[in-house]
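Enquirer: Just dropping this structure here.
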Amino acid sequence: MQDSQETHIPNHLEEIVAAVSIRPGKNIEVKLPQTVLFQPPREKLHLCEEKAKSYSSRHEYKQAIQELVRCVALTRICYGDCHWKLAEAYVNLAQGYLQLKGLSLQAKQHAEKAKEILSNSIVPPYNDNTDVFRCSVELFHTMGRALLSLQKFKEAAENLKKAERLSKELLQCGRIEKEEWVELQAQIKVSFAQMYQGQKKSKAALPHYQEALEYMETSKGQKSLECVPVLRELAGVEQALKRHDAAINHFLQAHLILLSSEPSEEEAALSAHRVAHAALASGRPEHHDVAEQYFQESLASLKEAEGTGRAKFLSIQDEYCHFLQVTGQEERATSILSKSLEAKVGVFGDLSPEVAETYRLLSEADLAQGNHSGAHKKLNKLSWRKVMVACSGTVARGWSQVVGQSRDVDKDREPTALGNSECWPTTLEAPWDQGPRLPVLCPVTEAGTGLDVLQE
């Protein structure tokens with residue numbers, strides 16, 4: 001956009017914004033020179049956009065959203081309140097919120113704000129601006145995804161159809177290249193497929209996933225990592241339709257693509273586990289060899305893992321033991337389960353469901369082999385654990401009632417010099433039990449310039 005079309009910025013406001021520093025991310029190795037901290041708004045905007053892309057590529061979505069909020073503020077300063085670039089910034093922010101589970105409503109609100117701005121932008125001289133219509137396609141697609149996450153399927157379908165129709169018109173008018181249109185179609189088709197899948201309409205979702213994969217392979221290449229999530233979702237639909245051969249092939253194709261990109265051991269293990277799980281789920285003997293191969297591959301990748309990786313190893317190992325039992329290898333399964341008990345106690349705890357389930361499986365194995373004494377011992381251990389868990393729940397409920405009654409009594413008491421006793425946390429209300437809370441970033445208000453956001 002030409003400078004003549006941009007909103008003029010008063011000198012004093014430009015000086016204020018230029019004086020506000022944006023802290024570089026901790027992952028940026030090269031220290032920014034002092035001059036970077038005193039850049040004009042447009043240069044700061046470019047820096048924030050690049051940082052947002054960098055964070056998103058590393059799946060650090062919280063940090064990406066912080067930069068996208070700054071982009072909205074800086075775009076308003078650079079271009080004004082009614083420019084299509086501000087709508088584009090709101091669309092990007094909405095897409096950022098869609099990456100975080102549970103924040104679809106915020107994404108929808110930002111998309112609605114973008115739509116309001118864009119509707120005021122499509123007037124001369126913008127009516128022939130291809131960028132405005134590109135932004136409109138992204139807007140309708142993003143709005144459709146947000147509504148889909150909110151399970152408003154009818155409204156989602158309407159917006160996705162608008163995005164599809166407008167992108168096709170842009171192609172026919174020569175406003176966008178065929179390659180760009182193919183890339184857009186891949187994204188829109190995936191959203192259509194997810195919409196039908198969300199309604200448990202697997203047959204309707206299947207052709208959309210297939211088309212999306214074709215478009216993705218055309219635009220990105222058959223071995224692109226971007227094909228992996230599409231292949232996995234397509235495989236899930238094939239499984240729902242009992243087309244197990246196709247599902248296994250799609251999971252296997254995704255696994256081979258992932259291995260070509262030198263993934264981490266954990267990523268490779270989980271990908272191999274998907275193939276094994278699909279082969280096991282088929283219930284067909286001809287898939288047993290595939291299940292055996294990829295269970296072994298998955299377990300080998302996680303064998304030396306620690307922490308969460310160790311828990312995943314034990315979980316996959318249990319599923320592998322189930323596979324061994326199904327295929328008539330009970331002795332081997334029992335041996336593996338027995339050796340895993342000590343590790344499970346260390347990872348999950350002695351009273352955990354995982355340990356209890358292992359004792360149950362081992363007792364069944366003993367009964368099948370006629371070892372009634374061993375089965376009796378293991379069932380006793382299983383019963384003791386279930387009683388302890390049930391008692392702990394009963395005690396917790398009892399204490400909750402006691403604490404509630406004591407609070408009712410304390411309401412009638414006069415506060416002491418240390419204040420009301422309710423100010424002191426009880427063991428049932430310890431703040432560390434509440435878990436981490438995700439801060440929800442507030443949208444930039446229409447009236448403000450966003451300087452308060454930049455000062456964070």
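Chain lettering (A, B, ...) mirrors the order of the structure tokens, residue numbering begins at 1 for each chain separately, and ligand numbering begins at 1 in order of display.
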Residues within 7 Å of Ala375 in chain A, please, as a list in words. Count only C-alpha atoms; anything in the same chain fewer than 3 positions from it doesn't count.

Expert: Ser363, Glu364, Asp366, Leu367, Asn371, His372, Lys378 and Leu379 of chain A

Enquirer: Please provide as number ranges by chain all residues within 10 Å of Lys200 in chain A, with the sequence filter that same-chain residues fewer than 6 positions apart are discarded (counting only C-alpha atoms).

Expert: A: 194, 237, 240

Enquirer: Those residues you just picked out, can you put them in a file as a compact mmCIF listing (two decimals), in the first residue's frame with N, CA and C atoms?

Expert:
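Below is the file part.txt, written as the result:
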```
# COMPACT_ATOMS: atom_id res chain seq x y z
N GLN A 194 -13.27 -31.85 8.58
CA GLN A 194 -13.37 -31.82 10.04
C GLN A 194 -14.78 -31.47 10.49
N VAL A 237 -10.69 -41.58 9.68
CA VAL A 237 -11.99 -41.74 9.01
C VAL A 237 -12.10 -43.14 8.41
N ALA A 240 -12.97 -45.52 11.09
CA ALA A 240 -14.39 -45.42 11.49
C ALA A 240 -15.30 -46.13 10.50
```

Enquirer: Could you pull out all residues of range 177-386 of chain A with a DSSP call of alpha helix (DSSP H) and give them as a PyMOL selection string?

Expert: chain A and resi 178-198+202-220+227-240+244-259+265-282+288-302+308-326+330-348+353-368+372-386

Enquirer: Compare A:Cys321, A:Leu170, A:Val72, A:Ile336 by their minimum atom-to-atom distance to Asn92 in chain A, counting only C-alpha atoms, and give me the closest one.

Expert: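 Distance minimum relative to Asn92 in chain A lands on A:Val72.
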
Enquirer: For CA of Phe348 in chain A and CA of Thr334 in chain A, determine how far apart the two atoms are, in Å to one decimal place.

Expert: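 So the answer is 19.6 Å.
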
Enquirer: Of the candidates A:Phe133, A:Ala204, A:Asn380, A:Pro40, which one gets nearest to Ala356 in chain A if we count only C-alpha atoms?

Expert: A:Asn380

Enquirer: Go through range 156-258 of chain A residue by residue and, counting only C-alpha atoms, keep those with an atom at most 10 Å from range 273-291 of chain A; for each kept residue give the shortest atom pair and its distance in Å to one decimal, ordered by chain and increasing number, as CSV.

Expert:
```
residue,atom,partner,partner_atom,distance
A:Arg232,CA,A:Arg274,CA,8.9
A:Ala235,CA,A:Ala278,CA,8.9
A:Gly236,CA,A:Ala278,CA,9.1
A:Gln239,CA,A:Ala278,CA,7.8
A:Lys242,CA,A:Ser282,CA,7.9
A:Arg243,CA,A:Ser282,CA,8.7
A:His244,CA,A:Ser282,CA,5.7
A:Asp245,CA,A:Ser282,CA,8.3
A:Ala247,CA,A:Ala278,CA,7.0
A:Ile248,CA,A:Ala278,CA,5.8
A:Asn249,CA,A:Val275,CA,8.4
A:His250,CA,A:Val275,CA,8.8
A:Phe251,CA,A:Val275,CA,5.5
A:Leu252,CA,A:Val275,CA,5.9
A:Gln253,CA,A:Val275,CA,9.5
A:Ala254,CA,A:Val275,CA,9.3
A:His255,CA,A:Val275,CA,7.8
```

Enquirer: Given the choices A:Gln293, A:Phe313, A:Leu337, A:Val347, which gets closest to Tyr359 in chain A if the distance is worked out from only C-alpha atoms?

Expert: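 Among the listed residues, the smallest separation from Tyr359 in chain A belongs to A:Leu337.
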
Enquirer: Could you tell me which of A:Glu158, A:Glu238, A:Glu342, A:Asp81 comes closest to Asn120 in chain A if we count only C-alpha atoms?

Expert: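 Of all the options, A:Asp81 lies closest to Asn120 in chain A.
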
Enquirer: I want to know what sits within 9 Å of Leu150 in chain A, based on only C-alpha atoms, with residues of the same chain fewer than 5 positions away left out; could you give that as a PyMOL selection string?

Expert: chain A and resi 104-105+145

Enquirer: For the residues in that selection, give me all heavy atoms as a compact mmCIF listing (two decimals), in the first residue's frame.

Expert:
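The resulting file, selection_1.txt, is reproduced below:
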```txt
# COMPACT_ATOMS: atom_id res chain seq x y z
N SER A 104 -11.57 -20.82 21.32
CA SER A 104 -12.24 -20.59 20.04
C SER A 104 -13.17 -19.38 20.08
O SER A 104 -13.36 -18.71 19.07
CB SER A 104 -13.04 -21.84 19.64
OG SER A 104 -12.20 -22.96 19.56
N LEU A 105 -13.75 -19.12 21.24
CA LEU A 105 -14.64 -17.96 21.35
C LEU A 105 -13.87 -16.67 21.14
O LEU A 105 -14.37 -15.76 20.46
CB LEU A 105 -15.32 -17.96 22.72
CG LEU A 105 -16.35 -16.85 22.95
CD1 LEU A 105 -17.47 -16.93 21.91
CD2 LEU A 105 -16.93 -16.94 24.36
N ARG A 145 -13.55 -21.98 10.85
CA ARG A 145 -12.83 -22.85 11.79
C ARG A 145 -13.21 -22.57 13.23
O ARG A 145 -13.36 -23.48 14.05
CB ARG A 145 -11.33 -22.68 11.60
CG ARG A 145 -10.78 -23.25 10.30
CD ARG A 145 -9.31 -22.89 10.15
NE ARG A 145 -8.53 -23.39 11.27
CZ ARG A 145 -7.36 -22.88 11.66
NH1 ARG A 145 -6.86 -21.83 11.00
NH2 ARG A 145 -6.72 -23.38 12.68
```

Enquirer: Any idea what's packed within 10 Å of Gly102 in chain A, counting only C-alpha atoms, ignoring anything in its chain fewer than 5 positions away? Could you give it as a ChimeraX atom specification?

Expert: /A:97,107,149-150

Enquirer: Using the selection just defined, write its residues with C-alpha atoms as a CSV table (one decimal), in the first residue's frame.

Expert:
```
chain,number,residue,atom,x,y,z
A,97,TYR,CA,-6.1,-18.3,19.3
A,107,ALA,CA,-10.9,-16.4,17.9
A,149,SER,CA,-14.6,-25.5,17.2
A,150,LEU,CA,-17.7,-24.1,18.9
```

Enquirer: For CA of Ile188 in chain A and CA of Glu67 in chain A, determine how far apart the two atoms are, in Å to one decimal place.

Expert: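 Computing it gives 25.8 Å between the two atoms.
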